Amino acid sequence: MKKNYVMETIRKAQMVQMLAVGKRMDDRGLDQHRELKIETGVIPKANGSARVFLGNTQVIAGVKIATGIPFPDTPDKGILMVNAEILPLSSPYAEPGPPSEDAIELARVVDRGIRESKMVDLGKLNLVSGKTVIAVFVDCNIMNVDGNLFDATSYAVVAALRTATMKKYVVKDDKAVATDQMVPVPVEKTPVSVTFARIGDRVVVDPNTEEEASMDMRITITTEDGGNVCASQKGEADSITPAQVLQAVDTSIRLGKEIRAKITEATK
Amino acid sequence: MKKNYVMETIRKAQMVQMLAVGKRMDDRGLDQHRELKIETGVIPKANGSARVFLGNTQVIAGVKIATGIPFPDTPDKGILMVNAEILPLSSPYAEPGPPSEDAIELARVVDRGIRESKMVDLGKLNLVSGKTVIAVFVDCNIMNVDGNLFDATSYAVVAALRTATMKKYVVKDDKAVATDQMVPVPVEKTPVSVTFARIGDRVVVDPNTEEEASMDMRITITTEDGGNVCASQKGEADSITPAQVLQAVDTSIRLGKEIRAKITEATK
Amino acid sequence: MKKNYVMETIRKAQMVQMLAVGKRMDDRGLDQHRELKIETGVIPKANGSARVFLGNTQVIAGVKIATGIPFPDTPDKGILMVNAEILPLSSPYAEPGPPSEDAIELARVVDRGIRESKMVDLGKLNLVSGKTVIAVFVDCNIMNVDGNLFDATSYAVVAALRTATMKKYVVKDDKAVATDQMVPVPVEKTPVSVTFARIGDRVVVDPNTEEEASMDMRITITTEDGGNVCASQKGEADSITPAQVLQAVDTSIRLGKEIRAKITEATK
Amino acid sequence: MGEGKTKLIDEAGRRRDGRKWDELRPISIQVGLMKNADGSAYIEWGKNKIMAAVYGPKEVHPKHQVLADRALLRCRYHMAPFSVDERKNPAPSRREIEISKVIREALQPAVIVEDYPRTAIEVWVEVLQSDGGSRVAGITAASLALADAGINMRDLVVGCSCGIVNDQVVADLDDTEDKEGSGDMPVAIMPTLGKVTLLQVDGIYTREQFQKAFELAIEKGKQVNAMQRAALNSRFFGGEATTSEVEEAAE
Amino acid sequence: MGEGKTKLIDEAGRRRDGRKWDELRPISIQVGLMKNADGSAYIEWGKNKIMAAVYGPKEVHPKHQVLADRALLRCRYHMAPFSVDERKNPAPSRREIEISKVIREALQPAVIVEDYPRTAIEVWVEVLQSDGGSRVAGITAASLALADAGINMRDLVVGCSCGIVNDQVVADLDDTEDKEGSGDMPVAIMPTLGKVTLLQVDGIYTREQFQKAFELAIEKGKQVNAMQRAALNSRFFGGEATTSEVEEAAE
Amino acid sequence: MGEGKTKLIDEAGRRRDGRKWDELRPISIQVGLMKNADGSAYIEWGKNKIMAAVYGPKEVHPKHQVLADRALLRCRYHMAPFSVDERKNPAPSRREIEISKVIREALQPAVIVEDYPRTAIEVWVEVLQSDGGSRVAGITAASLALADAGINMRDLVVGCSCGIVNDQVVADLDDTEDKEGSGDMPVAIMPTLGKVTLLQVDGIYTREQFQKAFELAIEKGKQVNAMQRAALNSRFFGGEATTSEVEEAAE
């Protein structure tokens with residue numbers, strides 16, 4: 001994506017200078033997310049859906065639920081799958097084709113936050129052990145890229161799952177039969193991802209595209225309702241100090257609470 | 001495929017000038033197909049087969065029949081699949097590899113004509129509802145490209161299906177068992193595709209490669225035995241007037257009768 | 001792989017001159033393999049494994065065994081599959097990605113020697129005819145390329161299979177159930193592959209990379225314990241005389257005995 | 001197409017959703033919502049929810065695809081995995097590949113590609129939720145996205161699908177009518193120039209039914225074109241499109 | 001290879017189709033049928049029906065595959081989905097990829113690639129119906145297609161497959177003999193130069209059986225070469241090939 | 001991560017293999033074994049058996065990936081089909097694609113890519129047998145392979161994975177602890193510069209547990225770094241690494 005070295009270098013120098021005095025180009029505080037807007041039920045044909053705007057980054061997540069065969073090593077647990085496509089309409093740099101390395105990392109990091117927080121109780125999605133379980137697919141369409149896909153996608157997935165419903169199944173003679181009754185997906189937790197970028201020696205929250213173009217390192221820390229860390233991922237081609245990691249953890253716990261409240265509000 | 005703009009432009013100008021006085025470069029009438037030759041039974045190992053020559057365009061279609069699992073939304077219907085490969089030996093522009101956009105469109109348009117005319121009674125290919133049906137695969141090898149693959153491939157598929165036979169199955173205890181008896185594939189109709197090219201403001205039937213290189217628009221209209229339209233597809237990067245469409249429909253109905261008689265004759 | 005025509009031509013001329021007086025650049029006799037080292041049990045998680053060094057060529061083969069569904073035309077026989085990957089770490093010319101033409105030929109030629117010699121008694125791998133058989137996968141990691149992958153890979157596969165063990169299965173009510181007992185894979189024969197390169201008009205055994213860069217033709221002849229030929233493959237873009245083929249067969253039978261003894265010794 | 005046996009029109013001539021035979025489903029269009037794209041349009045048409053966006057004119061990669069005398073028009077029609085009843089595999093199906101091609105060929109007659117030699121113009125059509133007529137809805141949105149991107153055009157392109165339900169010609173089939181009915185005919189036109197840029201036909205039509213459905217599709221396309229123009233107007237000149245403009249355009 | 005247990009040769013030494021142990025199946029060859037290809041040949045050999053066509057010398061794409069001192073020879077051996085008993089997936093199998101490679105390496109010794117530096121010569125072998133020995137039949141047709149295209153060659157290439165059936169060496173195995181027999185040995189030669197350009201071996205052969213099968217394959221290959229030359233003759237000089245030519249060539 | 005319910009630590013504080021909570025599994029490292037690679041290192045860590053090799057700096061193909069101001073670092077983490085309990089499909093999984101990316105980003109901070117503009121440096125990590133912590137073991141070997149290849153580096157990179165087992169922080173999880181435990185945290189550091197280049201977290205950690213596991217991983221990483229330096233020493237200066245060197249390095 002990096003096209004013009006000269007422009008980039010100038011832009012980065014300017015950004016570092018501003019950050020040294022605690023300023024961001026869009027006037028946010030270092031620990032401040034952009035405006036977060038969450039709409040749910042945007043795709044009525046899906047079992048659950050949400051559109052999230054994080055500044056100009058826009059993501060739509062849709063949940064589809066079906067029965068499936070459990071994995072051999074977890075015969076009594078449902079299946080959860082998170083996929084992401086960075087649509088070619090989202091950015092001049094996105095291209096059609098099989099998922100890029102970036103899209104795979106994005107989907108797996110978001111998946112990890114959901115899975116490790118035990119947001120969805122997969123044990124409750126078992127129907128006939130070893131034979132039939134409920135499979136929950138969450139697909140994410142990245143609609144517009146303006147930085148921090150990790151948080152925007154994570155919020156969209158969490159909001160879509162929190163509002164998703166599915167057919168109630170009954171088991172007869174070891175066969176799962178769908179009823180007409182709709183029940184909510186068994187959601188237990190609300191994991192919240194917070195992503196940081198280090199630019200020079202300053203760390204900022206929720207980087208936009210301009211900041212990502214200048215960032216040296218990216219780190220995502222996801223916390224669950226109890227304020228515990230449930231997932232993290234460092235990215236990009238530079239390093240971070242141990243002290244910066246621990247500070248990011250503290251910030252993520254603090255901001256996580258606020259964002260969790262917003263998500264809960266938008267999905268009740 | 002378009003290589004030499006200057007030559008093309010000159011060639012097209014010349015063609016348009018001739019068409020203005022109702023002449024084609026190979027002396028055919030505007031509504032006249034090239035010579036059509038149909039050979040059947042060319043691949044004895046197939047359940048049915050045909051080789052069609054339409055001028056220098058040559059296509060071989062082969063039918064293979066096996067049992068399969070029905071699609072969930074049509075549990076009591078057999079399966080029909082048409083595939084086409086534009087072989088690298090057919091043209092200097094064809095390349096080996098997965099089916100091109102052109103080959104996919106070709107197969108789908110031919111498939112549509114067969115399917116929508118209800119040529120094959122898929123209901124008669126049901127064996128055990130929801131579990132076992134007969135699957136009919138028609139694969140088309142494009143052997144030599146000289147324009148109008150749509151009609152040549154369609155005629156080859158129709159001729160191959162009209163002469164195809166399959167094992168008779170009996171159902172015992174909800175299981176389909178093949179017998180040694182061979183029966184014809186249940187064919188009810190004989191759809192006929194007619195393809196037109198607009199070059200400048202004239203519309204001609206059955207364009208050859210030279211005419212395709214100069215054509216602005218292509219349209220295929222398929223009719224069935226009752227003279228009804230059962231499929232159509234407009235192609236290429238230009239438009240057609242509504243009046244031209246209706247005139248093409250009339251021509252397709254008229255020519256369809258003649259060609260249907262030829263196919264019936266060759267496959268009885 | 002051929003990069004520098006001038007260097008190559010000089011190198012080949014020099015090699016041909018030496019071969020004319022019966023000399024190889026590494027001082028081996030024309031019919032002499034490089035040092036062969038076989039280590040077994042190198043991957044304890046595999047059912048059987050071996051690392052083979054043939055000079056500087058290094059290959060690791062690992063056997064994995066599971067139950068599977070038999071092929072329709074051999075309903076009462078187990079499954080044997082040999083795959084090879086020429087790892088990108090093995091050579092500056094190897095690239096990551098789906099198996100190259102060379103890797104596919106390598107795996108299929110090695111497979112042929114194993115299969116045609118009836119080394120593994122596939123009849124003994126039947127559990128429930130038509131439904132469940134034992135499947136033996138042998139995967140080969142080419143670790144370092146210094147010529148003659150055919151022989152090195154073949155020896156690694158043979159050594160891995162000769163030392164492989166698998167769970168004993170019992171069949172109850174037409175279902176195969178694994179027991180805790182481990183039994184050897186039913187090995188009956190020890191096929192030995194010998195590969196020759198023709199450089200100019202001389203034929204040498206076990207070519208290294210330098211010799212392969214200059215070779216005109218390659219031929220592999222595999223023999224089994226009875227001194228019978230069980231597989232062969234001619235490769236590369238030049239020819240061989242009938243007399244050279246028959247001489248290679250005789251050499252392969254003779255060298256096969258010596259190498260079979262080495263493999264047997266290393267795997268008892 | 002289905003058997004055409006399901007009863008989809010009642011004695012009073014009303015369709016399952018209460019529409020008359022020649023009535024369109026509700027349509028709403030917005031132009032220019034996407035931030036990164038050079039042009040964009042979002043359409044809701046029945047239950048269809050479709051975003052179209054345009055990038056270009058831009059450099060052509062790979063280079064060997066460059067056209068010396070005109071722009072290379074690229075198009076992808078893609079369905080989100082959650083857009084249909086059963087989750088769709090995200091890899092492009094043969095159906096999507098064919099529709100991408102016919103959409104490109106439906107748009108190209110309107111794009112003055114000669115004005116942009118050696119460049120690429122990319123049209124991305126994403127079906128977020130699918131209903132009957134998604135390809136004509138996609139074309140309708142895509143031509144607005146091209147206009148929004150400032151690409152030189154001869155005309156807009158607009159589509160409508162008509163067909164046969166219970167042996168009767170009807171306008172603008174929804175999903176059930178498409179699957180249970182006996183004929184579907186998507187048509188796209190350049191409404192000012194009066195030319196057809198897309199025509200696909202499924203199902204059995206007598207000569208008369210063909211003409212009636214085809215001419216109805218053109219007429220309804222012109223009606224949708226009025227909404228296109230209103231949406232463009234509201235994008236560039238603000239405010240709501242006036243009814244008179246819509247009526248004038250629909251003529 | 002199979003177990004070799006099925007009885008494929010009767011007491012009188014006749015094979016299932018009535019052939020003696022060293023007899024070829026019926027073969028017919030036509031050169032130059034395809035209109036677009038630079039050269040082509042069609043062979044029917046037993047139940048094999050195979051079309052081979054050649055394009056080139058032509059420009060190399062992608063450029064980085066150019067060979068500065070010779071032509072790049074490309075080859076694809078491909079089976080039509082309907083060519084075998086069970087429908088074959090049209091995507092190339094590992095078997096087809098290997099056979100494409102050995103066919104290319106069987107033809108290349110005869111092609112004077114040095115005469116066409118920086119170009120590509122493409123050989124497409126399409127198996128329309130498959131029987132035993134399809135790769136040698138494909139090679140036999142492909143070398144004629146190369147000659148028909150006017151490519152400079154040192155010799156034709158011709159093949160025949162011999163093997164072991166009921167512990168007996170036989171010539172030219174058909175499909176059943178290939179599957180039920182105990183050994184198959186396809187061999188291709190340059191008949192005038194007396195060189196072997198393809199050799200593959202399946203099954204168990206004693207030293208004596210190997211030599212007998214191998215030498216039989218070469219002898220039969222020369223016999224097929226006579227038909228190749230007759231077919232070329234009839235292509236370029238018209239009329240039928242005379243018996244004396246065929247016999248002379250077969251020596 | 002699992003439920004964390006299986007008993008993996010006994011009353012005496014010993015883990016299933018007898019280790020204390022903060023103890024590493026046995027590790028052995030050899031540098032420079034591979035003949036063709038420009039640099040290589042082999043590590044056995046618990047049951048992990050991993051070969052890392054480096055090629056480069058070399059020409060970049062395809063050309064359009066060239067970086068004008070620095071080297072392009074490529075990395076593939078790949079598991080042999082026989083490396084795990086159930087045979088792994090040889091095609092790269094989504095997990096392998098993600099790990100390849102994070103390994104590349106863990107190594108890059110240490111590589112002075114600016115010293116090699118317009119070139120590629122390729123790092124191939126092959127897991128021959130897999131156990132818990134294969135990615136940190138792979139990074140540990142890969143940074144040695146880079147050093148062995150003579151690539152300019154700011155520091156080595158070394159990793160260790162810590163986590164939560166039976167609600168207790170433990171060092172260096174093996175496969176069972178990884179699957180049955182309730183948290184896994186692979187960390188890679190540049191030990192001399194004191195910087196973190198890889199951090200991934202799975203499972204539930206209180207704030208205190210996070211810090212304890214994270215700091216333990218850094219401490220253990222430094223311990224492994226001593227072994228790295230000993231292995232490099234033995235590669236370049238021969239002989240065995242002395243205990244004092246190891247201890248000094250471990251400080």
# chains A, B, ... in the order shown; residues from 1 in each chain; ligands from 1
call {"tool": "residues_around", "arguments": {"residues": "Pro186 of chain D", "least_positions_apart": "3", "cutoff": "7 Å", "atoms": "only C-alpha atoms", "output": "mmCIF file with all heavy atoms, in the first residue's frame"}}
result
data_model
loop_
_atom_site.group_PDB
_atom_site.id
_atom_site.type_symbol
_atom_site.label_atom_id
_atom_site.label_comp_id
_atom_site.auth_asym_id
_atom_site.auth_seq_id
_atom_site.Cartn_x
_atom_site.Cartn_y
_atom_site.Cartn_z
ATOM 1 N N VAL D 136 -30.635 -6.549 -12.012
ATOM 2 C CA VAL D 136 -31.093 -5.258 -12.559
ATOM 3 C C VAL D 136 -30.999 -4.153 -11.510
ATOM 4 O O VAL D 136 -30.681 -2.996 -11.827
ATOM 5 C CB VAL D 136 -32.512 -5.348 -13.171
ATOM 6 C CG1 VAL D 136 -32.473 -6.153 -14.474
ATOM 7 C CG2 VAL D 136 -33.530 -5.929 -12.213
ATOM 8 N N CYS D 160 -35.078 -3.534 -15.182
ATOM 9 C CA CYS D 160 -36.216 -4.092 -14.469
ATOM 10 C C CYS D 160 -36.407 -5.500 -15.011
ATOM 11 O O CYS D 160 -36.093 -5.787 -16.163
ATOM 12 C CB CYS D 160 -37.471 -3.262 -14.689
ATOM 13 S SG CYS D 160 -38.871 -3.903 -13.728
ATOM 14 N N SER D 161 -36.903 -6.383 -14.153
ATOM 15 C CA SER D 161 -37.137 -7.740 -14.596
ATOM 16 C C SER D 161 -38.635 -8.003 -14.605
ATOM 17 O O SER D 161 -39.325 -7.729 -13.629
ATOM 18 C CB SER D 161 -36.424 -8.696 -13.641
ATOM 19 O OG SER D 161 -36.668 -10.006 -14.048
ATOM 20 N N CYS D 162 -39.130 -8.498 -15.737
ATOM 21 C CA CYS D 162 -40.527 -8.898 -15.795
ATOM 22 C C CYS D 162 -40.578 -10.391 -16.069
ATOM 23 O O CYS D 162 -39.551 -11.013 -16.310
ATOM 24 C CB CYS D 162 -41.252 -8.100 -16.878
ATOM 25 S SG CYS D 162 -41.359 -6.352 -16.393
ATOM 26 N N LEU D 199 -30.291 -8.321 -21.801
ATOM 27 C CA LEU D 199 -31.517 -9.113 -21.946
ATOM 28 C C LEU D 199 -31.160 -10.550 -21.645
ATOM 29 O O LEU D 199 -30.245 -11.118 -22.251
ATOM 30 C CB LEU D 199 -32.082 -9.013 -23.374
ATOM 31 C CG LEU D 199 -33.258 -9.961 -23.672
ATOM 32 C CD1 LEU D 199 -34.478 -9.629 -22.824
ATOM 33 C CD2 LEU D 199 -33.624 -9.919 -25.150
ATOM 34 N N GLN D 200 -31.838 -11.112 -20.665
ATOM 35 C CA GLN D 200 -31.691 -12.533 -20.379
ATOM 36 C C GLN D 200 -33.095 -13.084 -20.228
ATOM 37 O O GLN D 200 -33.983 -12.388 -19.714
ATOM 38 C CB GLN D 200 -30.893 -12.761 -19.094
ATOM 39 C CG GLN D 200 -29.445 -12.294 -19.210
ATOM 40 C CD GLN D 200 -28.635 -12.675 -17.986
ATOM 41 O OE1 GLN D 200 -28.875 -12.171 -16.898
ATOM 42 N NE2 GLN D 200 -27.687 -13.567 -18.173
ATOM 43 N N VAL D 201 -33.315 -14.285 -20.673
ATOM 44 C CA VAL D 201 -34.651 -14.858 -20.588
ATOM 45 C C VAL D 201 -34.579 -16.274 -20.039
ATOM 46 O O VAL D 201 -33.739 -17.064 -20.464
ATOM 47 C CB VAL D 201 -35.343 -14.863 -21.972
ATOM 48 C CG1 VAL D 201 -36.712 -15.528 -21.884
ATOM 49 C CG2 VAL D 201 -35.478 -13.448 -22.521
#
call {"tool": "residues_around", "arguments": {"residues": "Thr153 of chain B", "least_positions_apart": "6", "cutoff": "12 Å", "atoms": "only C-alpha atoms", "output": "short mmCIF file (atom, residue, chain, number, x, y, z; two decimals) with C-alpha atoms, in the first residue's frame"}}
result
data_model
loop_
_atom_site.label_atom_id
_atom_site.label_comp_id
_atom_site.auth_asym_id
_atom_site.auth_seq_id
_atom_site.Cartn_x
_atom_site.Cartn_y
_atom_site.Cartn_z
CA LEU B 36 -24.70 -27.74 -40.19
CA ILE B 38 -24.35 -33.52 -36.97
CA SER B 49 -22.55 -38.06 -27.81
CA ALA B 50 -22.54 -35.83 -30.83
CA ARG B 51 -20.07 -33.94 -32.96
CA VAL B 52 -21.42 -30.80 -34.60
CA PHE B 53 -19.81 -28.83 -37.39
CA LEU B 54 -21.27 -25.37 -37.96
CA THR B 57 -16.76 -24.41 -35.76
CA GLN B 58 -16.57 -27.89 -34.27
CA VAL B 59 -17.94 -29.10 -30.94
CA ILE B 60 -18.14 -32.55 -29.35
CA ALA B 61 -20.65 -33.12 -26.56
CA GLY B 62 -20.66 -36.22 -24.38
CA VAL B 82 -23.80 -28.65 -18.70
CA ASN B 83 -20.11 -27.80 -18.79
CA ALA B 84 -17.96 -26.49 -21.60
CA GLU B 85 -14.23 -26.30 -22.16
CA ILE B 86 -12.82 -24.16 -24.93
CA ALA B 103 -16.64 -20.76 -21.26
CA GLU B 105 -21.24 -18.02 -19.96
CA LEU B 106 -21.36 -20.44 -22.91
CA ALA B 107 -22.15 -23.42 -20.70
CA ARG B 108 -24.75 -21.53 -18.68
CA VAL B 109 -26.58 -20.13 -21.73
CA VAL B 110 -26.71 -23.57 -23.38
CA ASP B 111 -27.81 -25.10 -20.06
CA GLY B 113 -32.02 -23.36 -23.17
CA ILE B 114 -32.12 -27.08 -22.30
CA VAL B 138 -23.15 -33.05 -20.47
CA ASP B 139 -19.58 -31.98 -21.17
CA CYS B 140 -18.73 -30.01 -24.27
CA ASN B 141 -15.31 -29.97 -25.88
CA ILE B 142 -14.91 -27.00 -28.17
CA MET B 143 -12.59 -28.45 -30.83
CA ASN B 144 -12.32 -25.61 -33.35
CA VAL B 145 -13.47 -22.02 -32.96
CA GLY B 147 -17.59 -18.16 -34.34
CA ALA B 159 -28.21 -34.11 -30.25
CA ALA B 160 -26.20 -35.92 -27.57
CA VAL B 192 -33.07 -24.64 -30.75
CA SER B 193 -30.75 -21.72 -30.17
CA VAL B 194 -30.29 -19.05 -32.83
CA THR B 195 -27.55 -16.46 -32.38
#
call {"tool": "residues_around", "arguments": {"residues": "segment 233-235 of chain A", "least_positions_apart": "5", "cutoff": "12 Å", "atoms": "only C-alpha atoms", "output": "MDAnalysis selection string"}}
result
(chainID A and resid 102 105:106 108:113 148 150 193:198 212 215:222 240:241 244:245 248:249) or (chainID F and resid 98:109 185:189 196:202)
call {"tool": "interface_residues", "arguments": {"of": "chain F", "to": "chain E", "cutoff": "12 Å", "atoms": "only C-alpha atoms", "output": "PyMOL selection string"}}
result
chain F and resi 61-63
call {"tool": "write_last_selection", "arguments": {"atoms": "N, CA, C and O atoms", "output": "CSV table (one decimal), in the first residue's frame"}}
result
chain,number,residue,atom,x,y,z
F,61,HIS,N,11.4,-11.5,-7.2
F,61,HIS,CA,10.4,-11.9,-8.2
F,61,HIS,C,9.1,-12.1,-7.6
F,61,HIS,O,9.0,-12.7,-6.6
F,62,PRO,N,8.0,-11.6,-8.1
F,62,PRO,CA,7.9,-10.7,-9.3
F,62,PRO,C,8.4,-9.3,-9.0
F,62,PRO,O,8.3,-8.8,-7.8
F,63,LYS,N,8.9,-8.6,-10.0
F,63,LYS,CA,9.5,-7.3,-9.9
F,63,LYS,C,8.7,-6.3,-9.2
F,63,LYS,O,9.2,-5.4,-8.5
call {"tool": "atom_distance", "arguments": {"atom1": "atom CA of Ser130 of chain F", "atom2": "atom CA of Thr74 of chain A"}}
result
20.4 Å
call {"tool": "residues_around", "arguments": {"residues": "Ser182 of chain E", "least_positions_apart": "2", "cutoff": "9 Å", "atoms": "only C-alpha atoms", "output": "PyMOL selection string"}}
result
(chain C and resi 116) or (chain E and resi 1-5+163-167+177-180+184+202-205)
call {"tool": "select_by_dssp", "arguments": {"residues": "segment 40-267 of chain A", "states": "strand (DSSP E or B)", "output": "PyMOL selection string"}}
result
chain A and resi 40+48-54+57-68+79-86+120+126-128+132-144+165-172+175-184+187+192-199+202-205+217-223+229-235+240
call {"tool": "atom_distance", "arguments": {"atom1": "atom CA of Thr190 of chain B", "atom2": "atom CA of Gln32 of chain B"}}
result
20.2 Å
call {"tool": "closest_atom_pairs", "arguments": {"of": "chain F", "to": "chain C", "cutoff": "10 Å", "atoms": "only C-alpha atoms", "output": "CSV"}}
result
residue,atom,partner,partner_atom,distance
F:Met34,CA,C:Asn144,CA,6.9
F:Lys35,CA,C:Asn144,CA,6.8
F:Asn36,CA,C:Ser91,CA,5.7
F:Ala37,CA,C:Leu89,CA,6.5
F:Asp38,CA,C:Pro92,CA,9.0
F:Gly39,CA,C:Leu89,CA,9.9
F:Ser40,CA,C:Leu89,CA,8.9
F:Lys47,CA,C:Pro44,CA,8.8
F:Asn48,CA,C:Ile43,CA,9.8
F:Lys49,CA,C:Ile43,CA,8.3
F:Met51,CA,C:Leu89,CA,8.8
F:Ala52,CA,C:Leu89,CA,7.7
F:Ala53,CA,C:Leu89,CA,5.6
F:Val54,CA,C:Leu89,CA,7.3
F:Tyr55,CA,C:Pro92,CA,7.0
F:Gly56,CA,C:Pro92,CA,9.1
F:Lys58,CA,C:Pro92,CA,9.6
F:Arg76,CA,C:Pro96,CA,8.2
F:His78,CA,C:Leu87,CA,9.5
F:Ala80,CA,C:Asn141,CA,7.3
F:Pro81,CA,C:Asp139,CA,6.5
F:Phe82,CA,C:Gly62,CA,5.5
F:Ser83,CA,C:Lys45,CA,6.7
F:Val84,CA,C:Lys45,CA,6.7
F:Asp85,CA,C:Lys45,CA,6.5
F:Glu86,CA,C:Lys64,CA,7.7
F:Arg87,CA,C:Lys64,CA,6.1
F:Lys88,CA,C:Lys64,CA,9.6
F:Pro90,CA,C:Glu85,CA,8.4
F:Ala91,CA,C:Pro98,CA,7.1
F:Pro92,CA,C:Gly97,CA,8.6
F:Glu122,CA,C:Leu89,CA,9.1
F:Val123,CA,C:Leu89,CA,8.2
F:Trp124,CA,C:Leu89,CA,5.8
F:Val125,CA,C:Leu89,CA,8.1
F:Glu126,CA,C:Leu89,CA,8.2
F:Leu128,CA,C:Ile43,CA,7.3
F:Gln129,CA,C:Ile43,CA,6.4
F:Ser130,CA,C:Lys45,CA,8.6
F:Asp131,CA,C:Lys45,CA,10.0
call {"tool": "write_last_selection", "arguments": {"atoms": "C-alpha atoms", "output": "JSON list (two decimals), in the first residue's frame"}}
result
[["chain", "number", "residue", "atom", "x", "y", "z"],
["F", 34, "MET", "CA", 21.67, -27.29, 5.72],
["F", 35, "LYS", "CA", 23.95, -27.38, 2.69],
["F", 36, "ASN", "CA", 22.09, -25.28, 0.14],
["F", 37, "ALA", "CA", 20.58, -22.59, 2.33],
["F", 38, "ASP", "CA", 22.52, -19.38, 2.96],
["F", 39, "GLY", "CA", 21.83, -19.86, 6.66],
["F", 40, "SER", "CA", 20.01, -22.42, 8.75],
["F", 47, "LYS", "CA", 8.79, -32.50, 21.14],
["F", 48, "ASN", "CA", 9.07, -29.70, 18.57],
["F", 49, "LYS", "CA", 11.50, -30.47, 15.76],
["F", 51, "MET", "CA", 14.18, -26.53, 10.69],
["F", 52, "ALA", "CA", 14.59, -22.89, 9.69],
["F", 53, "ALA", "CA", 16.52, -21.81, 6.62],
["F", 54, "VAL", "CA", 17.27, -18.46, 5.00],
["F", 55, "TYR", "CA", 17.94, -17.56, 1.37],
["F", 56, "GLY", "CA", 19.04, -14.08, 0.46],
["F", 58, "LYS", "CA", 18.42, -12.19, -3.56],
["F", 76, "ARG", "CA", 6.57, -19.17, 5.50],
["F", 78, "HIS", "CA", 4.71, -24.68, 7.34],
["F", 80, "ALA", "CA", 4.83, -31.22, 7.55],
["F", 81, "PRO", "CA", 1.80, -33.48, 7.01],
["F", 82, "PHE", "CA", 3.29, -35.97, 9.50],
["F", 83, "SER", "CA", 4.11, -33.37, 12.17],
["F", 84, "VAL", "CA", 0.82, -33.66, 14.09],
["F", 85, "ASP", "CA", -1.38, -36.46, 15.42],
["F", 86, "GLU", "CA", -3.84, -36.43, 12.52],
["F", 87, "ARG", "CA", -2.20, -36.08, 9.10],
["F", 88, "LYS", "CA", -2.28, -32.43, 8.04],
["F", 90, "PRO", "CA", -0.08, -30.06, 2.91],
["F", 91, "ALA", "CA", -1.86, -26.95, 1.56],
["F", 92, "PRO", "CA", -1.38, -23.91, 3.83],
["F", 122, "GLU", "CA", 13.37, -15.47, 2.51],
["F", 123, "VAL", "CA", 12.82, -17.29, 5.79],
["F", 124, "TRP", "CA", 11.42, -20.82, 5.61],
["F", 125, "VAL", "CA", 10.30, -22.45, 8.84],
["F", 126, "GLU", "CA", 9.41, -26.14, 8.53],
["F", 128, "LEU", "CA", 8.82, -31.51, 11.21],
["F", 129, "GLN", "CA", 7.18, -32.42, 14.50],
["F", 130, "SER", "CA", 4.89, -30.13, 16.41],
["F", 131, "ASP", "CA", 4.43, -29.54, 20.13]]
call {"tool": "select_by_dssp", "arguments": {"residues": "segment 43-222 of chain B", "states": "helix (DSSP H, G or I)", "output": "PyMOL selection string"}}
result
chain B and resi 88-90+101-116+122-125+149-162+209-214
call {"tool": "residues_around", "arguments": {"residues": "segment 29-32 of chain E", "least_positions_apart": "5", "cutoff": "9 Å", "atoms": "only C-alpha atoms", "output": "PyMOL selection string"}}
result
chain E and resi 37-45+53+141+144-145+148-149+227-228+230-232+234-235
call {"tool": "atom_distance", "arguments": {"atom1": "atom CA of Val6 of chain C", "atom2": "atom CA of Glu101 of chain C"}}
result
26.8 Å
call {"tool": "decode", "arguments": {"residues": "segment 125-130 of chain D", "atoms": "C-alpha atoms", "output": "mmCIF file, in the first residue's frame"}}
result
data_model
loop_
_atom_site.group_PDB
_atom_site.id
_atom_site.type_symbol
_atom_site.label_atom_id
_atom_site.label_comp_id
_atom_site.auth_asym_id
_atom_site.auth_seq_id
_atom_site.Cartn_x
_atom_site.Cartn_y
_atom_site.Cartn_z
ATOM 1 C CA VAL D 125 -21.512 -4.539 -6.956
ATOM 2 C CA GLU D 126 -22.050 -6.074 -3.523
ATOM 3 C CA VAL D 127 -25.365 -7.731 -2.776
ATOM 4 C CA LEU D 128 -25.853 -7.398 0.978
ATOM 5 C CA GLN D 129 -29.298 -8.929 0.871
ATOM 6 C CA SER D 130 -30.740 -10.653 -2.149
#
